[in-house]
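Dropping input_24.txt in here (compact mmCIF, C-alpha atoms):
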```
# COMPACT_ATOMS: atom_id res chain seq x y z
CA MET A 251 23.82 -34.66 5.39
CA GLN A 252 20.49 -36.21 4.48
CA ILE A 253 17.17 -35.26 6.06
CA GLU A 254 14.12 -37.44 5.47
CA ILE A 255 10.75 -35.92 6.38
CA TRP A 256 7.58 -37.95 6.84
CA SER A 257 4.59 -35.63 6.43
CA ASP A 258 1.08 -35.29 5.05
CA PHE A 259 -0.36 -32.49 2.94
CA VAL A 260 -3.33 -31.95 5.26
CA CYS A 261 -1.21 -31.82 8.41
CA PRO A 262 -1.03 -28.21 9.70
CA PHE A 263 2.04 -28.84 11.81
CA CYS A 264 3.81 -30.44 8.85
CA TYR A 265 3.73 -27.13 6.95
CA ILE A 266 4.82 -25.27 10.08
CA GLY A 267 7.61 -27.78 10.74
CA LYS A 268 8.75 -27.52 7.14
CA ARG A 269 9.10 -23.74 7.42
CA ARG A 270 10.90 -23.95 10.75
CA LEU A 271 13.43 -26.41 9.37
CA GLU A 272 13.92 -24.23 6.30
CA LYS A 273 14.54 -21.24 8.56
CA ALA A 274 17.22 -23.17 10.43
CA LEU A 275 18.76 -24.36 7.18
CA GLU A 276 19.00 -20.81 5.84
CA ALA A 277 21.49 -19.96 8.56
CA PHE A 278 23.31 -23.32 8.52
CA PRO A 279 26.87 -22.85 7.16
CA HIS A 280 26.82 -26.23 5.39
CA LYS A 281 23.32 -25.97 3.90
CA GLU A 282 24.66 -26.67 0.40
CA GLU A 283 25.66 -30.13 1.60
CA VAL A 284 22.23 -30.99 2.98
CA SER A 285 19.68 -32.93 0.94
CA VAL A 286 16.02 -33.04 1.97
CA ILE A 287 13.81 -35.96 0.99
CA TYR A 288 10.05 -35.97 1.57
CA LYS A 289 8.39 -39.21 2.61
CA SER A 290 4.72 -40.14 2.30
CA TYR A 291 2.48 -40.45 5.34
CA GLU A 292 -1.32 -40.48 5.46
CA LEU A 293 -2.81 -39.14 8.69
CA ASP A 294 -6.15 -40.62 7.70
CA PRO A 295 -5.90 -43.29 4.98
CA ASN A 296 -9.69 -43.71 5.16
CA ALA A 297 -10.49 -40.03 4.63
CA GLU A 298 -13.19 -39.34 2.07
CA VAL A 299 -12.22 -37.91 -1.29
CA ASN A 300 -15.18 -35.51 -1.30
CA PRO A 301 -15.68 -34.28 2.28
CA ASP A 302 -19.10 -33.11 3.48
CA LYS A 303 -17.90 -31.56 6.76
CA THR A 304 -15.80 -28.51 7.56
CA ILE A 305 -12.36 -28.90 9.10
CA HIS A 306 -13.82 -27.53 12.35
CA GLU A 307 -16.56 -30.18 12.38
CA LEU A 308 -14.08 -32.96 11.63
CA LEU A 309 -11.77 -31.85 14.44
CA ALA A 310 -14.70 -31.56 16.87
CA GLY A 311 -15.89 -35.05 15.98
CA LYS A 312 -12.43 -36.56 16.27
CA TYR A 313 -11.82 -35.20 19.76
CA ASN A 314 -15.46 -35.16 20.92
CA MET A 315 -15.54 -31.42 21.57
CA PRO A 316 -17.83 -28.53 20.64
CA VAL A 317 -17.30 -27.03 17.19
CA GLU A 318 -16.58 -23.62 18.72
CA ARG A 319 -13.69 -25.05 20.71
CA ALA A 320 -12.34 -26.69 17.56
CA LYS A 321 -12.48 -23.31 15.84
CA ARG A 322 -10.46 -21.72 18.63
CA MET A 323 -7.85 -24.48 18.39
CA ASN A 324 -7.56 -23.92 14.66
CA GLU A 325 -7.28 -20.17 15.18
CA ASP A 326 -4.37 -20.70 17.58
CA MET A 327 -2.68 -22.96 15.04
CA GLY A 328 -3.26 -20.34 12.36
CA LYS A 329 -1.45 -17.78 14.50
CA GLN A 330 1.60 -20.04 14.70
CA ALA A 331 1.53 -20.42 10.93
CA LYS A 332 1.22 -16.67 10.42
CA GLU A 333 4.42 -16.08 12.42
CA LEU A 334 6.20 -18.01 9.66
CA GLY A 335 4.50 -16.16 6.82
CA LEU A 336 1.91 -18.87 6.20
CA GLN A 337 -1.79 -18.19 5.72
CA TYR A 338 -4.16 -20.92 6.91
CA ASN A 339 -7.76 -20.52 5.72
CA PHE A 340 -9.45 -23.03 8.01
CA ASP A 341 -12.99 -21.92 7.22
CA GLU A 342 -12.60 -22.90 3.57
CA MET A 343 -10.25 -25.90 3.89
CA LYS A 344 -11.32 -29.10 2.16
CA HIS A 345 -10.02 -31.99 4.23
CA THR A 346 -9.65 -34.98 1.96
CA ASN A 347 -7.85 -38.21 1.13
CA THR A 348 -4.20 -37.53 0.19
CA PHE A 349 -3.13 -40.82 -1.38
CA ASP A 350 -3.21 -39.56 -4.98
CA ALA A 351 -1.45 -36.35 -3.97
CA HIS A 352 1.34 -38.46 -2.51
CA ARG A 353 1.54 -40.47 -5.74
CA VAL A 354 1.96 -37.28 -7.76
CA ALA A 355 4.59 -36.06 -5.30
CA LYS A 356 6.54 -39.29 -5.78
CA TYR A 357 6.45 -38.81 -9.53
CA ALA A 358 7.60 -35.21 -9.06
CA ALA A 359 10.52 -36.35 -6.90
CA GLU A 360 11.58 -38.74 -9.65
CA GLN A 361 11.61 -35.76 -12.02
CA GLY A 362 13.75 -33.71 -9.63
CA LYS A 363 10.83 -31.54 -8.48
CA GLY A 364 9.83 -33.18 -5.21
CA LYS A 365 10.40 -30.07 -3.10
CA GLU A 366 8.44 -27.87 -5.49
CA MET A 367 5.50 -30.29 -5.61
CA THR A 368 5.40 -30.65 -1.83
CA GLU A 369 5.34 -26.89 -1.33
CA ARG A 370 2.71 -26.41 -4.04
CA LEU A 371 0.39 -29.01 -2.54
CA LEU A 372 0.69 -27.60 0.97
CA TYR A 373 0.00 -24.08 -0.25
CA ALA A 374 -2.92 -25.28 -2.36
CA TYR A 375 -4.54 -26.99 0.60
CA PHE A 376 -3.90 -24.57 3.46
CA THR A 377 -3.96 -21.21 1.68
CA GLU A 378 -5.94 -21.66 -1.54
CA SER A 379 -8.49 -24.14 -0.12
CA LYS A 380 -8.14 -26.45 -3.11
CA LEU A 381 -9.43 -30.02 -3.09
CA ILE A 382 -6.11 -31.84 -3.48
CA SER A 383 -7.74 -35.22 -4.10
CA ASP A 384 -9.35 -33.94 -7.29
CA HIS A 385 -7.45 -35.21 -10.32
CA THR A 386 -7.95 -32.08 -12.39
CA THR A 387 -6.58 -30.01 -9.51
CA LEU A 388 -3.56 -32.30 -9.13
CA ILE A 389 -2.84 -32.16 -12.85
CA ASP A 390 -3.04 -28.36 -12.83
CA LEU A 391 -0.76 -28.05 -9.80
CA ALA A 392 1.78 -30.43 -11.29
CA SER A 393 1.70 -28.54 -14.58
CA GLU A 394 2.33 -25.26 -12.74
CA ILE A 395 5.69 -26.50 -11.50
CA GLY A 396 6.71 -27.80 -14.90
CA LEU A 397 5.69 -31.45 -14.82
CA ASP A 398 4.33 -33.16 -17.92
CA GLU A 399 0.55 -32.85 -17.89
CA ASP A 400 -0.03 -35.99 -19.96
CA GLU A 401 2.20 -38.13 -17.73
CA VAL A 402 0.47 -36.94 -14.58
CA THR A 403 -2.92 -37.59 -16.18
CA THR A 404 -1.86 -41.12 -17.07
CA LEU A 405 -0.43 -42.00 -13.65
CA LEU A 406 -3.63 -40.84 -11.94
CA LYS A 407 -5.73 -43.14 -14.14
CA VAL A 408 -3.84 -46.19 -12.89
CA ASP A 409 -1.95 -47.03 -9.69
CA ASP A 410 1.48 -45.72 -10.67
CA TYR A 411 3.73 -44.81 -7.73
CA ALA A 412 1.35 -46.40 -5.23
CA ILE A 413 4.06 -48.88 -4.32
CA HIS A 414 6.42 -46.01 -3.46
CA VAL A 415 3.86 -44.38 -1.18
CA ARG A 416 3.19 -47.69 0.59
CA ALA A 417 6.93 -48.30 0.97
CA ASP A 418 7.34 -44.98 2.79
CA GLU A 419 4.43 -45.78 5.06
CA GLU A 420 5.80 -49.23 5.82
CA GLN A 421 9.20 -47.74 6.61
CA ALA A 422 7.48 -45.30 8.96
CA ARG A 423 5.89 -48.21 10.82
CA GLN A 424 9.18 -50.03 11.06
CA ILE A 425 11.03 -47.10 12.62
CA GLY A 426 8.20 -46.24 14.98
CA VAL A 427 6.71 -43.11 13.45
CA GLU A 428 3.45 -42.42 15.27
CA GLY A 429 2.80 -38.88 14.09
CA VAL A 430 4.04 -36.27 11.67
CA PRO A 431 6.06 -34.28 10.91
CA PHE A 432 8.88 -36.71 11.65
CA PHE A 433 12.46 -35.88 10.70
CA VAL A 434 15.33 -38.36 10.34
CA PHE A 435 18.88 -37.07 9.98
CA ASN A 436 21.41 -39.36 8.29
CA GLU A 437 19.16 -42.37 8.91
CA LYS A 438 19.88 -42.45 12.66
CA TYR A 439 18.95 -39.18 14.38
CA ALA A 440 15.21 -38.57 14.82
CA VAL A 441 13.25 -35.43 15.65
CA SER A 442 9.47 -35.54 16.00
CA GLY A 443 7.09 -32.64 15.73
CA ALA A 444 7.26 -29.07 14.44
CA GLN A 445 10.14 -28.05 16.66
CA PRO A 446 11.25 -24.38 16.93
CA PRO A 447 13.99 -23.27 14.48
CA GLU A 448 16.57 -23.14 17.28
CA VAL A 449 16.00 -26.84 17.99
CA PHE A 450 16.58 -27.70 14.34
CA THR A 451 19.68 -25.49 14.37
CA GLU A 452 21.06 -27.40 17.33
CA VAL A 453 20.30 -30.74 15.71
CA LEU A 454 21.92 -29.72 12.41
CA GLU A 455 25.09 -28.61 14.20
CA THR A 456 25.21 -31.70 16.41
CA VAL A 457 24.70 -34.16 13.58
CA TRP A 458 27.19 -32.37 11.35
CA GLN A 459 29.84 -32.31 14.06
CA GLU A 460 29.37 -35.92 15.12
CA GLU A 461 29.40 -37.22 11.57
CA LYS A 462 32.51 -35.25 10.64
CA GLU A 463 34.42 -36.31 13.74
CA LYS A 464 33.84 -40.01 13.21
CA PRO A 465 36.23 -41.84 10.87
CA VAL A 466 34.63 -43.26 7.78
CA LEU A 467 36.14 -46.67 8.51
CA THR A 468 37.67 -48.31 11.57
CA SER A 469 40.66 -50.54 10.84
CA LEU A 470 40.34 -54.11 12.10
CA ASN A 471 43.86 -55.17 11.10
CA PRO A 472 45.55 -57.13 13.93
CA LYS A 473 48.13 -55.09 15.82
CA GLN A 474 51.76 -55.48 14.74
CA SER A 475 50.73 -57.52 11.71
CA LYS A 476 52.48 -57.15 8.39
CA THR A 477 50.43 -56.33 5.38
CA THR A 478 50.90 -55.76 1.72
CA TYR A 479 49.18 -53.01 -0.20
CA CYS A 480 49.48 -50.89 -3.29
CA THR A 481 49.12 -47.16 -3.80
CA ASP A 482 49.48 -44.97 -6.85
CA GLU A 483 53.20 -44.87 -6.03
CA GLY A 484 53.72 -48.65 -6.03
CA CYS A 485 53.35 -51.75 -3.86
CA GLU A 486 55.10 -52.58 -0.62
CA THR A 487 55.06 -54.64 2.54
CA GLU A 488 54.53 -52.98 5.91
```

In structure tokens, write the structure found in this file.
Amino acid sequence: MQIEIWSDFVCPFCYIGKRRLEKALEAFPHKEEVSVIYKSYELDPNAEVNPDKTIHELLAGKYNMPVERAKRMNEDMGKQAKELGLQYNFDEMKHTNTFDAHRVAKYAAEQGKGKEMTERLLYAYFTESKLISDHTTLIDLASEIGLDEDEVTTLLKVDDYAIHVRADEEQARQIGVEGVPFFVFNEKYAVSGAQPPEVFTEVLETVWQEEKEKPVLTSLNPKQSKTTYCTDEGCETE
């Protein structure tokens, strides 16, 4: 089974959704046969690299509400995260542009470390309050998970992997993704939002069962027709 996940590193529900899916996968009997692929999605492609407002102020401005109400909303979200063992430090968060972070994540995936890079970036943003648009920060984070520091430095100086990020975003538009996290199972079953673990469990079981019950191929040979074929035991006419 393949699970594709469109998400952004500054999306609080993306981290929550990731943990909830992981919790469901832990108890899934066929988890060893499930591959997870992370797809790029920018919630705000025009976000500034060096923000001058707090996350509370940005949320208040976006939804035209008082800052205090935005703080309460973030506190409620933080409580949901805490139930999953996540620590969200909203007061210190540095909301920023995530395009370069996505480029580094694409490079990491090519090196077989996509999952590790995704987790490291999410933790850096939500828990450590790091500025994940800063190139030095990105290089350090990539180095921490074993990626080549010089290669990451080089790719950030040019536009390497930009085409891969844009391809993911274009695919998201084509399949109708309007928000993240967005999960696609085996390229045909979609789940939107940070659903509870039991929902993911049900989806995993349903997709697994349906895929296993369906024949790989449906024969279109005309009925009662004769055919010739060969096997490892020889050739014959039927």

Note to self: At a cut-off of 9 Å, using all atoms listed in the file, what residues contact stretch 443-453 of chain A? Leave out same-chain residues fewer than 3 positions from it and give the result as a VMD selection string.
What the structure shows: chain A and resid 263 to 275 277 to 278 429 to 433 435 439 456 to 458

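Compared by their closest atoms to A:Met251, and using only C-alpha atoms, the residues A:Pro316, A:Val286, A:Glu276, A:Glu420 rank with A:Val286 nearest.
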
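For the residues A:Gln330, A:Ser383, A:Ser285, A:Thr346, ranking by smallest atom-to-atom distance to A:Lys303 using only C-alpha atoms places A:Thr346 first.
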
Note to self: Could you list, as a count of residues only, every residue within 12 Å of A:Glu394, counting only C-alpha atoms and ignoring same-chain residues fewer than 5 positions away?
What the structure shows: 13

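Coordinates place atom CA of A:Gln424 at a distance of 27.4 Å from atom CA of A:Gln459.
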
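Compared by their closest atoms to A:Lys380, and using all atoms listed in the file, the residues A:Asn300, A:Ser393, A:Gln361, A:Ser442 rank with A:Asn300 nearest.
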
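Across A:Asp326, A:Lys462, A:Glu333, A:Ala351, the tightest approach to A:Thr368 is made by A:Ala351 when counting all atoms listed in the file.
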
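Interatomic distance, atom CA of A:Lys321 to atom CA of A:Phe349: 26.3 Å.
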
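Using all atoms listed in the file, the nearest neighbour of A:Leu406 within the list A:Glu283, A:Asp350, A:Asp390, A:Asp384 is A:Asp350.
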
Next item on the list: Could you tell me which of A:Ala359, A:Pro262, A:Ala440, A:Tyr411 comes closest to A:Glu325 if we count all atoms listed in the file?
Entry: A:Pro262

Notebook entry, point to check: Residues around (3.2, -35.8, 5.4), cut-off 7 Å, counting all atoms listed in the file - what are they as a ChimeraX atom specification?
Noted result: /A:256-259,261,264,289-292,430-431

Check: Can you list, as a ChimeraX atom specification, every protein, DNA or RNA residue that comes within 9 Å of A:Val260 when you count all atoms listed in the file, leaving out same-chain residues fewer than 6 positions away?
Finding: /A:292-293,345-348,372,375-376

Next item on the list: Excluding A:His306 and any residue of its chain fewer than 5 positions from it, enumerate the residues within 8 Å of it, using only C-alpha atoms, and give them as a PyMOL selection string.
Entry: chain A and resi 317-318+320-321+324+340-341

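Atom CA of A:Met327 is positioned 25.9 Å from atom CA of A:Gly364.
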